[in-house]
Amino acid sequence: MERSQELFDRAQKVLPGGVNSPVRAFRAVELCPRFIERADGAYIYDADGKHYIDYVCSWGPMLLGHNHPAVREAVERAVKDGLSFGAPTQREVEMAELMVEMVPNIEMVRMVNSGTEAVMSALRLARGATGRDKLIKFEGCYHGHSDCLLVNAGSSALAGGHPSSAGVPEDIVKHTLTAQYNDLASVEVLLEEYHGQVACVIVEPVAANMGVVGPAPGFLEGLRALCDKHGALLIFDEVQCGMGRSGKLFAYQKFDVMPDICTAAKALGGGFPIGALMEQVAPCGPVYQAGTLSGNPVAMAAGLAQLRYIQAHPEVYAALEKYAKELAEGMRRAAAKHGAGVAVNQIGSLVAPFFTPSAVTTFLDAKGSDVGRYARYFKGMLERGVYLAPAQFEAMFVSTAHTREDLECTLEAVDEVFAEG
């Protein structure tokens, strides 16, 4: 990894920590990050000429694998027309129309540039629509790096040991209330204590930033009922678990619970689909939300191509889930064989091993994981050509490009690493 180390040494002189996002830093696993030069199908290739079976998939959006021909060709056509206009295009209209067509209950879509921006905009909409200031989030759920949400966050904020952030004013976070995922009572207590003050409850319907933790039976339905009772809006943050990752295009379809607002990103180029509340967003209404480069024509081309492919091949969801189930079951067998004491969660095409012998159904369970053991596991898998998220509290993502041979190679590596202890 001489070339990656050289690039990392250079990067640390000009980029904070040598990276442009903390999740890439490899600090939680105490290694030098691999600098990637290209990717194709289920594989990524680093600057040292090594290739890896990739289970990060650009943190989720590569549902069809890297460099899929349908997506690549659409992007190549779009690039010939120009990279960005800062003006309306036909593609963004087609993208919104396709989403409305494919997903029940979506009436309008506002495209944005990132998951953080989508969630930030959704919160502003909820506050504007209700006239209330407070919001309820869940400990261990990550919703981007906007100020009011960097409280008891997950993802790299959790892995790095910093569940909140310097530079976030107390006057802002005082409106953020924290409940426990899969614990309806903790939500009800807050709604009663701050009666009439809570604008919204925001949740990952499948918590994918504390590993992968699914909703307990009745949890999402209970949130819907509590929000209705107290006049708060329910927001599903599907930046990680949406776009087919939970077994449907959106997780709320899988669990049959309708939120008031749903955010998505990555595979869409950013966006938040919602219902009639959209009429309150500028320029239609008083809730200001803007982005001069939102609906970028190249991003829209990529998103359209992927959505159209999924629409034409609905069997994609079953194929992804089948691979993920076999992967999770194989990991469980290897853990039992070697007495590894590892719990493996899987929902849709999301998989997460937790280095704890106990079942993981809450954030408290997830925090009981041995992050040192995960770091050793990560290193062992990387040495065997399998690229995972460099932190315990992230998901593994599979794609349609992963093959039976990839699965067998991955499980062989898992068996060897678990055998080492």
# chains A, B, ... in the order shown; residues from 1 in each chain; ligands from 1
>>> residues_around(residues="Leu190 (chain A)", least_positions_apart="2", cutoff="12 Å", atoms="only C-alpha atoms", output="ChimeraX atom specification")
/A:134-138,175-180,183-188,192-198,200-201,226-227,230,232
>>> closest_residue(among="A:Pro69, A:Ser4, A:Asp40, A:Gly385", to="Thr410 (chain A)", atoms="only C-alpha atoms")
A:Gly385
>>> residues_around(residues="Gly218 (chain A)", least_positions_apart="4", cutoff="9 Å", atoms="only C-alpha atoms", output="PDB file with all heavy atoms, in the first residue's frame")
ATOM      1  N   ASN A 182     -36.712   1.973  18.912  1.00  0.00           N
ATOM      2  CA  ASN A 182     -37.497   0.784  19.285  1.00  0.00           C
ATOM      3  C   ASN A 182     -38.103   0.877  20.683  1.00  0.00           C
ATOM      4  O   ASN A 182     -38.496  -0.133  21.266  1.00  0.00           O
ATOM      5  CB  ASN A 182     -36.671  -0.509  19.159  1.00  0.00           C
ATOM      6  CG  ASN A 182     -36.677  -1.049  17.736  1.00  0.00           C
ATOM      7  OD1 ASN A 182     -37.583  -0.751  16.959  1.00  0.00           O
ATOM      8  ND2 ASN A 182     -35.674  -1.837  17.390  1.00  0.00           N
ATOM      9  N   GLY A 222     -46.509   2.613  15.891  1.00  0.00           N
ATOM     10  CA  GLY A 222     -46.698   3.396  17.115  1.00  0.00           C
ATOM     11  C   GLY A 222     -46.262   4.832  16.956  1.00  0.00           C
ATOM     12  O   GLY A 222     -46.914   5.762  17.488  1.00  0.00           O
ATOM     13  N   LEU A 223     -45.164   5.055  16.233  1.00  0.00           N
ATOM     14  CA  LEU A 223     -44.721   6.433  15.973  1.00  0.00           C
ATOM     15  C   LEU A 223     -45.777   7.194  15.176  1.00  0.00           C
ATOM     16  O   LEU A 223     -46.060   8.367  15.457  1.00  0.00           O
ATOM     17  CB  LEU A 223     -43.395   6.428  15.213  1.00  0.00           C
ATOM     18  CG  LEU A 223     -42.149   5.966  15.963  1.00  0.00           C
ATOM     19  CD1 LEU A 223     -40.930   6.060  15.050  1.00  0.00           C
ATOM     20  CD2 LEU A 223     -41.924   6.789  17.230  1.00  0.00           C
TER      21      LEU A 223
END
>>> closest_residue(among="A:Ile44, A:Pro104, A:Tyr387, A:Ala129", to="Val257 (chain A)", atoms="only C-alpha atoms")
A:Pro104
>>> atom_distance(atom1="CA of Gly231 (chain A)", atom2="CA of Met108 (chain A)")
22.1 Å
>>> residues_around(residues="Gln392 (chain A)", least_positions_apart="4", cutoff="12 Å", atoms="only C-alpha atoms", output="PyMOL selection string")
chain A and resi 23+26-29+154-161+208-212+342+344+351-356+366-378+388+396
>>> atom_distance(atom1="CA of Ile106 (chain A)", atom2="CA of Ala264 (chain A)")
12.3 Å
>>> select_by_dssp(residues="region 163-293 of chain A", states="strand (DSSP E or B)", output="list in words")
Thr176, Leu177, Thr178, Ala179, Val198, Ala199, Cys200, Val201, Ile202, Val203, Ala207, Val213, Leu233, Leu234, Ile235, Phe236, Asp237, Ile261, Cys262, Thr263, Ala264, Gly271, Phe272, Pro273, Ile274, Val281 and Val287 of chain A
>>> residues_around(residues="Gly18 (chain A)", least_positions_apart="5", cutoff="7 Å", atoms="only C-alpha atoms", output="list in words")
Phe8, Ala11 and Gln12 of chain A
